[in-house]
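> To start, I am sharing the structure in question, which I have written as C-alpha cells.
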Amino acid sequence: MRTFKDLITSIDFSKVWEKFVIHYPDKVDRLEKFGSLYEKLSMTLPADNATCMYIYINVFQDDSNGESVRIEKYNEDDGLLLFDVCGKDDEWIGYSIAGSKFNQWLGYFIDENSLITMSKESFIAHCLWEMTFYYGYDDTHV
C-alpha cells in the first residue's frame with residue numbers, strides 16, 4: 001500500500017505547486033513556506049500507521065441552488081471545485097485529519113480511488129493545504 005510519504009518522495013514540488021496555485025490562488029505568496037515544508041516532509045520518517053488510516057478526497061461542486069454536491073467526474077483544474085481531504089481508519093470510520101502530526105500524515109495510506117480521479121500532484125497539493133490549514137507549517141500543536 002502506498003503512503004503519503006511515498007507520494008511526497010516521488011513527485012517534484014514544482015509540479016505540486018502548479019496544482020496548488022489553481023485552487024488556492026490567494027496563497028501564492030506562501031511558495032517559500034510550502035517549499036520548505038515539502039522538503040521537511042521528504043526527510044521526515046513516517047509514524048507507524050497503527051489504525052490503517054487512509055487519506056481520501058471528496059470533491060464537491062455547487063449546484064444551481066448554491067448547494068455543494070459531491071461529484072465523481074470532474075476536471076481537477078476547475079478552480080470552482082471544493083476538495084475535502086479526509087481519513088478513514090481500519091474500521092472505515094471517517095475523520096478530519098487536519099490536526100494530525102505531519103509524521104502521521106506521512107505514514108497514512110493513500111486511497112487509490114482518489115488517485116483514479118485526480119493526479120498525484122493535485123492530491124498532494126490538497127493534502128498540503130489541509131495539513132497547514134489550522135496550525136500552519138509547524139506541527140508542534142499536537
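Residues in the C-alpha cells are numbered from 1 in each chain, the chains being A, B, ... in the order shown, and ligands are numbered from 1 in the order shown.
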Name the residues in contact with range 5-15 of chain A at a cut-off of 9 Å, using only C-alpha atoms, excluding same-chain residues fewer than 3 positions from it; report them as a PyMOL selection string.
chain A and resi 2+18-20+34-35+38-39+41-46+103+105-110+120-122+124
> May I have the residues from that selection written out with N, CA, C and O atoms, as an mmCIF file, in the first residue's frame?

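Output contents, as saved in out-v7.cif:
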```cif
data_model
loop_
_atom_site.group_PDB
_atom_site.id
_atom_site.type_symbol
_atom_site.label_atom_id
_atom_site.label_comp_id
_atom_site.auth_asym_id
_atom_site.auth_seq_id
_atom_site.Cartn_x
_atom_site.Cartn_y
_atom_site.Cartn_z
ATOM 1 N N ARG A 2 0.511 2.177 -0.829
ATOM 2 C CA ARG A 2 1.273 3.408 -0.976
ATOM 3 C C ARG A 2 0.938 4.368 0.160
ATOM 4 O O ARG A 2 -0.219 4.528 0.537
ATOM 5 N N GLU A 18 2.261 23.878 -9.038
ATOM 6 C CA GLU A 18 1.441 24.242 -10.200
ATOM 7 C C GLU A 18 -0.031 23.953 -9.934
ATOM 8 O O GLU A 18 -0.908 24.732 -10.318
ATOM 9 N N LYS A 19 -0.309 22.832 -9.296
ATOM 10 C CA LYS A 19 -1.695 22.458 -8.969
ATOM 11 C C LYS A 19 -2.214 23.269 -7.788
ATOM 12 O O LYS A 19 -3.381 23.656 -7.746
ATOM 13 N N PHE A 20 -1.347 23.529 -6.830
ATOM 14 C CA PHE A 20 -1.741 24.264 -5.629
ATOM 15 C C PHE A 20 -2.291 25.644 -5.981
ATOM 16 O O PHE A 20 -3.334 26.053 -5.482
ATOM 17 N N PHE A 34 5.665 26.695 1.822
ATOM 18 C CA PHE A 34 5.239 25.369 1.390
ATOM 19 C C PHE A 34 6.413 24.568 0.826
ATOM 20 O O PHE A 34 6.506 23.362 1.028
ATOM 21 N N GLY A 35 7.309 25.238 0.130
ATOM 22 C CA GLY A 35 8.502 24.561 -0.384
ATOM 23 C C GLY A 35 9.366 24.012 0.741
ATOM 24 O O GLY A 35 9.844 22.875 0.673
ATOM 25 N N TYR A 38 7.613 21.030 2.252
ATOM 26 C CA TYR A 38 7.726 19.860 1.381
ATOM 27 C C TYR A 38 9.091 19.191 1.551
ATOM 28 O O TYR A 38 9.184 17.970 1.648
ATOM 29 N N GLU A 39 10.124 20.000 1.619
ATOM 30 C CA GLU A 39 11.473 19.465 1.820
ATOM 31 C C GLU A 39 11.570 18.771 3.181
ATOM 32 O O GLU A 39 12.129 17.686 3.295
ATOM 33 N N LEU A 41 9.119 17.406 4.862
ATOM 34 C CA LEU A 41 8.346 16.165 4.794
ATOM 35 C C LEU A 41 9.123 15.068 4.076
ATOM 36 O O LEU A 41 9.058 13.895 4.463
ATOM 37 N N SER A 42 9.854 15.434 3.038
ATOM 38 C CA SER A 42 10.608 14.426 2.281
ATOM 39 C C SER A 42 11.722 13.800 3.114
ATOM 40 O O SER A 42 12.165 12.697 2.825
ATOM 41 N N MET A 43 12.150 14.501 4.168
ATOM 42 C CA MET A 43 13.229 13.990 5.017
ATOM 43 C C MET A 43 12.741 13.433 6.360
ATOM 44 O O MET A 43 13.530 12.914 7.138
ATOM 45 N N THR A 44 11.446 13.530 6.629
ATOM 46 C CA THR A 44 10.884 13.091 7.905
ATOM 47 C C THR A 44 10.477 11.624 7.826
ATOM 48 O O THR A 44 9.894 11.188 6.837
ATOM 49 N N LEU A 45 10.774 10.887 8.886
ATOM 50 C CA LEU A 45 10.339 9.491 8.956
ATOM 51 C C LEU A 45 8.854 9.430 9.280
ATOM 52 O O LEU A 45 8.387 10.129 10.181
ATOM 53 N N PRO A 46 8.104 8.591 8.566
ATOM 54 C CA PRO A 46 6.670 8.479 8.857
ATOM 55 C C PRO A 46 6.427 7.722 10.160
ATOM 56 O O PRO A 46 7.184 6.825 10.527
ATOM 57 N N ASN A 103 4.274 13.714 10.730
ATOM 58 C CA ASN A 103 4.819 12.372 10.534
ATOM 59 C C ASN A 103 3.705 11.326 10.491
ATOM 60 O O ASN A 103 3.872 10.268 9.879
ATOM 61 N N TRP A 105 0.724 11.955 9.027
ATOM 62 C CA TRP A 105 0.283 12.091 7.634
ATOM 63 C C TRP A 105 1.155 11.237 6.722
ATOM 64 O O TRP A 105 0.661 10.552 5.831
ATOM 65 N N LEU A 106 2.452 11.311 6.930
ATOM 66 C CA LEU A 106 3.389 10.600 6.050
ATOM 67 C C LEU A 106 3.186 9.096 6.085
ATOM 68 O O LEU A 106 3.416 8.411 5.095
ATOM 69 N N GLY A 107 2.737 8.563 7.220
ATOM 70 C CA GLY A 107 2.504 7.134 7.345
ATOM 71 C C GLY A 107 1.135 6.683 6.866
ATOM 72 O O GLY A 107 0.887 5.487 6.705
ATOM 73 N N TYR A 108 0.220 7.619 6.645
ATOM 74 C CA TYR A 108 -1.129 7.261 6.205
ATOM 75 C C TYR A 108 -1.079 6.698 4.784
ATOM 76 O O TYR A 108 -0.317 7.147 3.940
ATOM 77 N N PHE A 109 -1.936 5.711 4.554
ATOM 78 C CA PHE A 109 -2.057 5.116 3.227
ATOM 79 C C PHE A 109 -2.866 6.038 2.323
ATOM 80 O O PHE A 109 -3.641 6.869 2.787
ATOM 81 N N ILE A 110 -2.708 5.846 1.024
ATOM 82 C CA ILE A 110 -3.425 6.637 0.027
ATOM 83 C C ILE A 110 -4.587 5.817 -0.513
ATOM 84 O O ILE A 110 -4.407 4.661 -0.912
ATOM 85 N N LYS A 120 -1.527 12.757 -8.911
ATOM 86 C CA LYS A 120 -0.786 12.709 -7.649
ATOM 87 C C LYS A 120 -0.439 14.119 -7.187
ATOM 88 O O LYS A 120 -0.477 14.424 -5.996
ATOM 89 N N GLU A 121 -0.096 14.974 -8.130
ATOM 90 C CA GLU A 121 0.266 16.346 -7.807
ATOM 91 C C GLU A 121 -0.898 17.097 -7.147
ATOM 92 O O GLU A 121 -0.705 17.800 -6.153
ATOM 93 N N SER A 122 -2.095 16.927 -7.697
ATOM 94 C CA SER A 122 -3.275 17.568 -7.106
ATOM 95 C C SER A 122 -3.576 16.976 -5.737
ATOM 96 O O SER A 122 -3.903 17.709 -4.794
ATOM 97 N N ILE A 124 -1.533 15.696 -3.577
ATOM 98 C CA ILE A 124 -0.567 16.232 -2.615
ATOM 99 C C ILE A 124 -0.886 17.692 -2.304
ATOM 100 O O ILE A 124 -0.845 18.105 -1.133
#
```
> Taking 6 positions as the minimum chain separation for residues in the same chain, which residues sit within 8 Å of Met131 in chain A when counting only C-alpha atoms? Answer as a list in words.
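So the residues in contact are Ile97, Ala98, Gly99, Ser100 and Phe102 of chain A.
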> For the residues in that selection, give me C-alpha atoms as a tab-separated table (two decimals), in the first residue's frame.

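Contents of the output file again26.tsv:
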```tsv
chain	number	residue	atom	x	y	z
A	97	ILE	CA	-7.13	14.51	9.84
A	98	ALA	CA	-6.24	18.21	9.76
A	99	GLY	CA	-4.94	18.01	13.33
A	100	SER	CA	-2.67	15.03	12.72
A	102	PHE	CA	2.99	15.67	9.96
```
> With distances taken over only C-alpha atoms, which of A:Ile22, A:Cys86, A:Ala50, A:Leu31 is nearest to Cys127 in chain A?
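Closest to Cys127 in chain A of all the choices is A:Cys86.
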> Work out how far CA of Ala125 in chain A is from CA of Trp17 in chain A, in Å to one decimal.
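Between these atoms lies a distance of 6.9 Å.
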> Would you please give, as an MDAnalysis selection string, all residues of range 32-93 of chain A that DSSP assigns to alpha helix (DSSP H) based on the backbone?
chainID A and resid 32:43
> Where in chain A does DSSP assign strand (DSSP E), given as a PDB file with N, CA, C and O atoms, in the first residue's frame?

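Done, and the output landed in result_6.pdb:
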```pdb
ATOM      1  N   TYR A  54      -6.351   5.806   5.999  1.00  0.00           N
ATOM      2  CA  TYR A  54      -6.253   6.106   4.572  1.00  0.00           C
ATOM      3  C   TYR A  54      -6.653   7.551   4.349  1.00  0.00           C
ATOM      4  O   TYR A  54      -7.626   8.025   4.940  1.00  0.00           O
ATOM      5  N   ILE A  55      -5.933   8.237   3.487  1.00  0.00           N
ATOM      6  CA  ILE A  55      -6.310   9.591   3.073  1.00  0.00           C
ATOM      7  C   ILE A  55      -7.149   9.467   1.805  1.00  0.00           C
ATOM      8  O   ILE A  55      -6.759   8.785   0.854  1.00  0.00           O
ATOM      9  N   TYR A  56      -8.303  10.118   1.814  1.00  0.00           N
ATOM     10  CA  TYR A  56      -9.118  10.179   0.604  1.00  0.00           C
ATOM     11  C   TYR A  56      -9.627  11.603   0.437  1.00  0.00           C
ATOM     12  O   TYR A  56      -9.614  12.395   1.385  1.00  0.00           O
ATOM     13  N   ILE A  57     -10.039  11.927  -0.764  1.00  0.00           N
ATOM     14  CA  ILE A  57     -10.505  13.283  -1.051  1.00  0.00           C
ATOM     15  C   ILE A  57     -11.871  13.216  -1.735  1.00  0.00           C
ATOM     16  O   ILE A  57     -12.027  12.551  -2.758  1.00  0.00           O
ATOM     17  N   ASN A  58     -12.837  13.907  -1.119  1.00  0.00           N
ATOM     18  CA  ASN A  58     -14.148  14.083  -1.733  1.00  0.00           C
ATOM     19  C   ASN A  58     -14.132  15.398  -2.495  1.00  0.00           C
ATOM     20  O   ASN A  58     -13.535  16.378  -2.043  1.00  0.00           O
ATOM     21  N   VAL A  59     -14.814  15.415  -3.632  1.00  0.00           N
ATOM     22  CA  VAL A  59     -14.850  16.613  -4.468  1.00  0.00           C
ATOM     23  C   VAL A  59     -16.298  17.087  -4.559  1.00  0.00           C
ATOM     24  O   VAL A  59     -17.214  16.294  -4.782  1.00  0.00           O
ATOM     25  N   PHE A  60     -16.468  18.398  -4.370  1.00  0.00           N
ATOM     26  CA  PHE A  60     -17.797  18.998  -4.381  1.00  0.00           C
ATOM     27  C   PHE A  60     -17.852  20.131  -5.384  1.00  0.00           C
ATOM     28  O   PHE A  60     -16.860  20.803  -5.653  1.00  0.00           O
ATOM     29  N   GLN A  61     -19.062  20.332  -5.894  1.00  0.00           N
ATOM     30  CA  GLN A  61     -19.330  21.427  -6.820  1.00  0.00           C
ATOM     31  C   GLN A  61     -20.665  22.031  -6.414  1.00  0.00           C
ATOM     32  O   GLN A  61     -21.584  21.300  -6.018  1.00  0.00           O
ATOM     33  N   ASP A  62     -20.787  23.338  -6.496  1.00  0.00           N
ATOM     34  CA  ASP A  62     -22.059  23.976  -6.179  1.00  0.00           C
ATOM     35  C   ASP A  62     -23.053  23.711  -7.297  1.00  0.00           C
ATOM     36  O   ASP A  62     -22.720  23.842  -8.484  1.00  0.00           O
ATOM     37  N   SER A  68     -23.567  22.596  -2.136  1.00  0.00           N
ATOM     38  CA  SER A  68     -22.425  21.759  -2.518  1.00  0.00           C
ATOM     39  C   SER A  68     -22.887  20.320  -2.693  1.00  0.00           C
ATOM     40  O   SER A  68     -23.516  19.746  -1.812  1.00  0.00           O
ATOM     41  N   VAL A  69     -22.546  19.759  -3.848  1.00  0.00           N
ATOM     42  CA  VAL A  69     -22.927  18.397  -4.199  1.00  0.00           C
ATOM     43  C   VAL A  69     -21.654  17.616  -4.508  1.00  0.00           C
ATOM     44  O   VAL A  69     -20.794  18.091  -5.264  1.00  0.00           O
ATOM     45  N   ARG A  70     -21.538  16.432  -3.921  1.00  0.00           N
ATOM     46  CA  ARG A  70     -20.379  15.579  -4.182  1.00  0.00           C
ATOM     47  C   ARG A  70     -20.459  15.064  -5.614  1.00  0.00           C
ATOM     48  O   ARG A  70     -21.518  14.634  -6.070  1.00  0.00           O
ATOM     49  N   ILE A  71     -19.321  15.133  -6.313  1.00  0.00           N
ATOM     50  CA  ILE A  71     -19.284  14.676  -7.699  1.00  0.00           C
ATOM     51  C   ILE A  71     -18.166  13.653  -7.872  1.00  0.00           C
ATOM     52  O   ILE A  71     -17.195  13.642  -7.119  1.00  0.00           O
ATOM     53  N   LEU A  82     -14.530  22.258  -4.854  1.00  0.00           N
ATOM     54  CA  LEU A  82     -14.125  22.218  -3.446  1.00  0.00           C
ATOM     55  C   LEU A  82     -13.605  20.820  -3.147  1.00  0.00           C
ATOM     56  O   LEU A  82     -14.228  19.823  -3.535  1.00  0.00           O
ATOM     57  N   PHE A  83     -12.483  20.735  -2.455  1.00  0.00           N
ATOM     58  CA  PHE A  83     -11.845  19.460  -2.156  1.00  0.00           C
ATOM     59  C   PHE A  83     -11.816  19.257  -0.648  1.00  0.00           C
ATOM     60  O   PHE A  83     -11.336  20.122   0.085  1.00  0.00           O
ATOM     61  N   ASP A  84     -12.331  18.133  -0.200  1.00  0.00           N
ATOM     62  CA  ASP A  84     -12.401  17.812   1.217  1.00  0.00           C
ATOM     63  C   ASP A  84     -11.492  16.619   1.495  1.00  0.00           C
ATOM     64  O   ASP A  84     -11.801  15.491   1.121  1.00  0.00           O
ATOM     65  N   VAL A  85     -10.365  16.885   2.149  1.00  0.00           N
ATOM     66  CA  VAL A  85      -9.393  15.840   2.475  1.00  0.00           C
ATOM     67  C   VAL A  85      -9.797  15.215   3.800  1.00  0.00           C
ATOM     68  O   VAL A  85      -9.984  15.914   4.798  1.00  0.00           O
ATOM     69  N   CYS A  86      -9.937  13.893   3.809  1.00  0.00           N
ATOM     70  CA  CYS A  86     -10.399  13.167   4.994  1.00  0.00           C
ATOM     71  C   CYS A  86      -9.558  11.911   5.213  1.00  0.00           C
ATOM     72  O   CYS A  86      -8.756  11.538   4.365  1.00  0.00           O
ATOM     73  N   GLY A  87      -9.812  11.263   6.331  1.00  0.00           N
ATOM     74  CA  GLY A  87      -9.169   9.992   6.617  1.00  0.00           C
ATOM     75  C   GLY A  87     -10.187   8.958   7.045  1.00  0.00           C
ATOM     76  O   GLY A  87     -11.216   9.299   7.638  1.00  0.00           O
ATOM     77  N   LYS A  88      -9.922   7.710   6.712  1.00  0.00           N
ATOM     78  CA  LYS A  88     -10.732   6.588   7.188  1.00  0.00           C
ATOM     79  C   LYS A  88      -9.794   5.564   7.799  1.00  0.00           C
ATOM     80  O   LYS A  88      -8.745   5.249   7.234  1.00  0.00           O
ATOM     81  N   GLY A  94     -14.886   7.667   9.142  1.00  0.00           N
ATOM     82  CA  GLY A  94     -14.276   8.860   8.567  1.00  0.00           C
ATOM     83  C   GLY A  94     -13.911   9.890   9.614  1.00  0.00           C
ATOM     84  O   GLY A  94     -14.616  10.043  10.617  1.00  0.00           O
ATOM     85  N   TYR A  95     -12.806  10.576   9.392  1.00  0.00           N
ATOM     86  CA  TYR A  95     -12.292  11.566  10.331  1.00  0.00           C
ATOM     87  C   TYR A  95     -11.733  12.771   9.597  1.00  0.00           C
ATOM     88  O   TYR A  95     -11.266  12.659   8.468  1.00  0.00           O
ATOM     89  N   PHE A 109      -1.936   5.711   4.554  1.00  0.00           N
ATOM     90  CA  PHE A 109      -2.057   5.116   3.227  1.00  0.00           C
ATOM     91  C   PHE A 109      -2.866   6.038   2.323  1.00  0.00           C
ATOM     92  O   PHE A 109      -3.641   6.869   2.787  1.00  0.00           O
ATOM     93  N   ILE A 110      -2.708   5.846   1.024  1.00  0.00           N
ATOM     94  CA  ILE A 110      -3.425   6.637   0.027  1.00  0.00           C
ATOM     95  C   ILE A 110      -4.587   5.817  -0.513  1.00  0.00           C
ATOM     96  O   ILE A 110      -4.407   4.661  -0.912  1.00  0.00           O
TER      97      ILE A 110
END
```
> Residues near Met118 in chain A, anyone? I mean within 10 Å using only C-alpha atoms, not counting same-chain ones fewer than 3 positions away, as a list in words.
Ile57, Lys73, Tyr74, Asn75, Glu76, Asp77, Asn113, Ser114, Leu115, Glu121, Ser122 and Phe123 of chain A
> Take the residues from that selection and put them in a file with N, CA and C atoms, as a PDB file, in the first residue's frame.

```
ATOM      1  N   ILE A  57     -10.039  11.927  -0.764  1.00  0.00           N
ATOM      2  CA  ILE A  57     -10.505  13.283  -1.051  1.00  0.00           C
ATOM      3  C   ILE A  57     -11.871  13.216  -1.735  1.00  0.00           C
ATOM      4  N   LYS A  73     -17.014  12.735 -11.313  1.00  0.00           N
ATOM      5  CA  LYS A  73     -16.256  13.069 -12.521  1.00  0.00           C
ATOM      6  C   LYS A  73     -16.103  14.578 -12.594  1.00  0.00           C
ATOM      7  N   TYR A  74     -14.873  15.006 -12.847  1.00  0.00           N
ATOM      8  CA  TYR A  74     -14.584  16.433 -12.836  1.00  0.00           C
ATOM      9  C   TYR A  74     -13.248  16.690 -13.510  1.00  0.00           C
ATOM     10  N   ASN A  75     -13.003  17.959 -13.787  1.00  0.00           N
ATOM     11  CA  ASN A  75     -11.709  18.421 -14.276  1.00  0.00           C
ATOM     12  C   ASN A  75     -10.957  18.921 -13.043  1.00  0.00           C
ATOM     13  N   GLU A  76      -9.881  18.263 -12.673  1.00  0.00           N
ATOM     14  CA  GLU A  76      -9.169  18.617 -11.437  1.00  0.00           C
ATOM     15  C   GLU A  76      -8.644  20.045 -11.432  1.00  0.00           C
ATOM     16  N   ASP A  77      -8.543  20.671 -12.591  1.00  0.00           N
ATOM     17  CA  ASP A  77      -8.045  22.040 -12.675  1.00  0.00           C
ATOM     18  C   ASP A  77      -9.157  23.086 -12.650  1.00  0.00           C
ATOM     19  N   ASN A 113      -8.611   5.044  -5.020  1.00  0.00           N
ATOM     20  CA  ASN A 113      -9.736   5.572  -5.791  1.00  0.00           C
ATOM     21  C   ASN A 113      -9.625   7.077  -5.984  1.00  0.00           C
ATOM     22  N   SER A 114      -9.055   7.766  -4.998  1.00  0.00           N
ATOM     23  CA  SER A 114      -8.853   9.211  -5.145  1.00  0.00           C
ATOM     24  C   SER A 114      -7.864   9.502  -6.256  1.00  0.00           C
ATOM     25  N   LEU A 115      -6.872   8.639  -6.418  1.00  0.00           N
ATOM     26  CA  LEU A 115      -5.863   8.858  -7.458  1.00  0.00           C
ATOM     27  C   LEU A 115      -6.356   8.449  -8.844  1.00  0.00           C
ATOM     28  N   GLU A 121      -0.096  14.974  -8.130  1.00  0.00           N
ATOM     29  CA  GLU A 121       0.266  16.346  -7.807  1.00  0.00           C
ATOM     30  C   GLU A 121      -0.898  17.097  -7.147  1.00  0.00           C
ATOM     31  N   SER A 122      -2.095  16.927  -7.697  1.00  0.00           N
ATOM     32  CA  SER A 122      -3.275  17.568  -7.106  1.00  0.00           C
ATOM     33  C   SER A 122      -3.576  16.976  -5.737  1.00  0.00           C
ATOM     34  N   PHE A 123      -3.471  15.675  -5.626  1.00  0.00           N
ATOM     35  CA  PHE A 123      -3.725  15.008  -4.348  1.00  0.00           C
ATOM     36  C   PHE A 123      -2.806  15.588  -3.269  1.00  0.00           C
TER      37      PHE A 123
END
```
> With distances taken over only C-alpha atoms, which residue among A:Lys33, A:Lys101, A:Asp111, A:Glu67 lies nearest Met53 in chain A?
A:Asp111
